[in-house]
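The structure under discussion appears below in the form of structure tokens.
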Amino acid sequence: MSTELSVWVAAILSLAMFSFLYRENAVYRVAEHLMVGVATGVTVLAALYTVLIPVVWKGITAPKDATSAAWTILFTLLAMLFMAPFVPRFGWLARIPCGIAIGYAAGQTLPAAIQARLFPQALSTIQGVGSAGSAWAIINALIVLVGTTSVLVYFMMTVRRGAALNAVSRVGVVFLMLGFGAVYGNMVISRFTILIGRLQFLFGTWLHILPT
Amino acid sequence: MQKLLNIDRRIIFLGVALVLFLGLVLRPVIPLPPSSEARKVFDAVESVAAGEAVLVAMDYGVSSRAELDPMSRAALHHAFRRDARVLVVSFDSSGAPLASAMLDAVGAQLGKVEGKDYVFLGYKPDITAAIMEMGTSIAGMFTEVEVDGETVPTDSVAAMDGVTGLADIALAVEMTGSKHYEKWVDFANAQFGLKLCTGATGAIVTGQYPYLASGQITGLLRSTRGAADYETMVTKAYGGLEPDASSKMSVLFLGHLLMLAFIALANIGHWATRRDTQEAA
């Protein structure tokens, strides 16, 4: 059995979280609140040491030049407007930084989405069959082509569907189900791995009862 | 048959715990050939020449450690064995200290020198802005780094010699359990041409396959299976890597068998109950 305090704390908290599997209880709630508190604390500290001190504080008190100090002050003031809703009379001021943030994010994301996702993915789907080297690769590329096309047809909500489109759409449903199945299967791997990691910790690192 | 549909969930939990515990104790060996996507990651790191820079992005927190730590450790091990200079970054606030600790541990194990052979660049909160800036100036984004407990300017570190932007990086390996990989594809790969391999948790890996098919991602490590494949290949080629994901694979296999058994039982119960209802009607 481990003699390290940190291992004991982690083991007891793990067992407290597992106790939820039996039923909701006070021990579980204590551990849950502790986890939320610690996670929030880490996030606040990360913000303090990676943004507030090096960017804001140093940017104002020890700037590279006057222009950079002015920009830092301007954007710090704008960021502070996010807190305006705490004073209901001035709550509307929060719309200014919100608008800037949304505009910035949209401007940044849209060209990238077109350049990195829409065109390369469409090209890859279309060219896949032609550029496939082996028979198996051709079959694979054809499955991708049929799957992509039929799923797109399934999501065409603005067109009146005849028998042909309905048939293609039903093929799309099959591909969607296969996709969801793959996601679920991978999710099972993911969750089992986390559980195995915890069991290795409890039975190995803590209790030392696993073979080495 | 109705009983099959009303099994107490606690019995299922107990069954899962028992099967996994037995797997951990008995450790059945299930040999698996390496997957092609994991092989591509191995080949990509193998193609890095000595002295070239490899960027490892460990963009995950505590909750994804069980899946992603083994592949991160294997990637660091592999890059060091290739005598590459290793730069590590983390865009997860809770994951950054863990990433730094793992880099130090693997570096020390292989006799590498902090600052010369590797450097931990740190954490930044806005991944998109950070990658855009890193495209032209990594030291402009991460202005200071810690080397042997001292804070020094990033561009003064030997590991950064000849590395200005992402174009100077031979290969990036991104490990994540979130949508961070899309930022690396959208900006680092598409805009700066960075050669990119990824490692992903099972929860998000399905979304990465289209990028692998289009060539935007060079190789992919799929959850524990990918990590185990990669770990095995690195161990075979260089040795010295403790089996971590590989030790989970056989246990995972038993867990999957149990899940299949539960699904089969539930379906038999459902089918039989429906048949009884139809006959009664």
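Letters A, B, ... go to the chains of the structure tokens in the order shown; residues in each chain start at 1; ligands are counted from 1 in the same order.
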
key: Backbone-only DSSP, alpha helix (DSSP H) members of stretch 25-186 of chain A, as a PyMOL selection string   = chain A and resi 26-47+58-61+66-80+95-112+119-131+135-154+163-186

ask   = Given a cut-off of 7 Å, which residues of chain A touch chain B, counting only C-alpha atoms, written out as a VMD selection string?
value = chain A and resid 21 to 22 42 to 43 46 50 112 to 113 116 120 to 121 124 183 186 to 187 189 to 190 192 to 194 196 to 197 210 to 211

Just write the chosen residues, N, CA and C atoms, as an mmCIF file, in the first residue's frame.
```cif
data_model
loop_
_atom_site.group_PDB
_atom_site.id
_atom_site.type_symbol
_atom_site.label_atom_id
_atom_site.label_comp_id
_atom_site.auth_asym_id
_atom_site.auth_seq_id
_atom_site.Cartn_x
_atom_site.Cartn_y
_atom_site.Cartn_z
ATOM 1 N N LEU A 21 -21.992 5.711 -8.438
ATOM 2 C CA LEU A 21 -22.510 4.580 -9.212
ATOM 3 C C LEU A 21 -23.515 3.775 -8.391
ATOM 4 N N TYR A 22 -23.370 3.827 -7.050
ATOM 5 C CA TYR A 22 -24.349 3.135 -6.210
ATOM 6 C C TYR A 22 -25.588 4.014 -6.063
ATOM 7 N N VAL A 42 -7.552 26.587 -10.829
ATOM 8 C CA VAL A 42 -6.465 26.419 -11.821
ATOM 9 C C VAL A 42 -6.676 27.369 -12.997
ATOM 10 N N THR A 43 -7.944 27.472 -13.444
ATOM 11 C CA THR A 43 -8.248 28.347 -14.589
ATOM 12 C C THR A 43 -7.966 29.810 -14.248
ATOM 13 N N ALA A 46 -4.255 30.307 -14.088
ATOM 14 C CA ALA A 46 -3.695 30.302 -15.443
ATOM 15 C C ALA A 46 -3.953 31.650 -16.111
ATOM 16 N N THR A 50 -0.874 33.936 -17.155
ATOM 17 C CA THR A 50 -0.586 33.915 -18.596
ATOM 18 C C THR A 50 -1.177 35.109 -19.333
ATOM 19 N N ALA A 112 -10.643 30.390 -42.935
ATOM 20 C CA ALA A 112 -9.940 29.134 -42.620
ATOM 21 C C ALA A 112 -10.835 27.938 -42.903
ATOM 22 N N ALA A 113 -12.119 28.070 -42.580
ATOM 23 C CA ALA A 113 -13.049 26.956 -42.807
ATOM 24 C C ALA A 113 -13.163 26.650 -44.296
ATOM 25 N N ALA A 116 -9.410 25.447 -45.435
ATOM 26 C CA ALA A 116 -8.876 24.210 -44.854
ATOM 27 C C ALA A 116 -9.882 23.074 -44.797
ATOM 28 N N PRO A 120 -10.648 21.445 -49.463
ATOM 29 C CA PRO A 120 -9.844 20.201 -49.415
ATOM 30 C C PRO A 120 -10.709 18.955 -49.203
ATOM 31 N N GLN A 121 -11.736 19.071 -48.370
ATOM 32 C CA GLN A 121 -12.567 17.902 -48.103
ATOM 33 C C GLN A 121 -13.412 17.519 -49.322
ATOM 34 N N SER A 124 -11.055 16.065 -51.875
ATOM 35 C CA SER A 124 -10.628 14.728 -51.465
ATOM 36 C C SER A 124 -11.708 13.696 -51.754
ATOM 37 N N VAL A 183 -18.855 6.331 -33.812
ATOM 38 C CA VAL A 183 -18.618 7.308 -32.731
ATOM 39 C C VAL A 183 -18.851 6.645 -31.372
ATOM 40 N N ASN A 186 -16.027 4.199 -30.504
ATOM 41 C CA ASN A 186 -14.832 4.913 -30.051
ATOM 42 C C ASN A 186 -15.033 5.519 -28.665
ATOM 43 N N MET A 187 -16.264 5.962 -28.418
ATOM 44 C CA MET A 187 -16.583 6.544 -27.104
ATOM 45 C C MET A 187 -16.425 5.485 -26.010
ATOM 46 N N ILE A 189 -14.380 2.910 -26.119
ATOM 47 C CA ILE A 189 -12.928 2.756 -25.911
ATOM 48 C C ILE A 189 -12.435 3.845 -24.966
ATOM 49 N N SER A 190 -12.880 5.078 -25.261
ATOM 50 C CA SER A 190 -12.425 6.237 -24.499
ATOM 51 C C SER A 190 -12.775 6.102 -23.017
ATOM 52 N N PHE A 192 -13.750 3.394 -21.323
ATOM 53 C CA PHE A 192 -13.130 2.225 -20.702
ATOM 54 C C PHE A 192 -11.674 2.524 -20.349
ATOM 55 N N THR A 193 -10.997 3.253 -21.239
ATOM 56 C CA THR A 193 -9.585 3.556 -20.975
ATOM 57 C C THR A 193 -9.443 4.408 -19.724
ATOM 58 N N ILE A 194 -10.341 5.385 -19.576
ATOM 59 C CA ILE A 194 -10.286 6.235 -18.376
ATOM 60 C C ILE A 194 -10.502 5.367 -17.129
ATOM 61 N N ILE A 196 -9.991 2.105 -16.838
ATOM 62 C CA ILE A 196 -8.833 1.229 -16.635
ATOM 63 C C ILE A 196 -7.689 2.008 -15.978
ATOM 64 N N GLY A 197 -7.500 3.253 -16.432
ATOM 65 C CA GLY A 197 -6.461 4.104 -15.836
ATOM 66 C C GLY A 197 -6.692 4.298 -14.345
ATOM 67 N N LEU A 210 -1.508 -5.197 -7.935
ATOM 68 C CA LEU A 210 -1.405 -5.654 -9.328
ATOM 69 C C LEU A 210 -0.009 -6.206 -9.580
ATOM 70 N N PRO A 211 0.108 -7.256 -10.407
ATOM 71 C CA PRO A 211 1.448 -7.782 -10.702
ATOM 72 C C PRO A 211 2.273 -6.740 -11.451
#
```

inquiry  = Could you list, as a PyMOL selection string, every residue within 6 Å of B:Ile217, counting only C-alpha atoms and ignoring same-chain residues fewer than 5 positions away?
reply    = chain B and resi 196-197+211-212

Would you put the residues from that selection into a file with C-alpha atoms, as a PDB file, in the first residue's frame?
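Saved to selection-v4.pdb:
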```
ATOM      1  CA  LEU B 196       0.892  17.449 -38.876  1.00  0.00           C
ATOM      2  CA  CYS B 197       0.218  14.158 -37.086  1.00  0.00           C
ATOM      3  CA  TYR B 211      -8.459  14.992 -42.623  1.00  0.00           C
ATOM      4  CA  LEU B 212      -6.341  11.852 -42.730  1.00  0.00           C
TER       5      LEU B 212
END
```

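When atom CA of A:Val9 is paired with atom CA of A:Asn25, their separation reads 18.8 Å.
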
request  = Name the residues in contact with B:Gly95 at a cut-off of 9 Å, using only C-alpha atoms, excluding same-chain residues fewer than 5 positions from it; report them as a VMD selection string.
outcome  = chain B and resid 58 to 62 65 90 100 123

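If you look at atom CA of B:Tyr209 and atom CA of B:Ile263, they are 26.6 Å away from each other.
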
request  = Using only C-alpha atoms, pick whichever of A:Leu202, A:Val55, A:Val38, A:Ile209 has the shortest atom-to-atom distance to A:Trp8.
outcome  = A:Leu202

ask   = Do you have the atom CA of B:Glu242-atom CA of B:Val29 distance handy?
value = 15.9 Å

task = Name all residues at most 12 Å from A:Ile12 (count only C-alpha atoms; drop same-chain ones fewer than 3 positions away) and give them as a PyMOL selection string.
result = chain A and resi 5-9+15-19+27-28+30-31+198+201-202+206-207
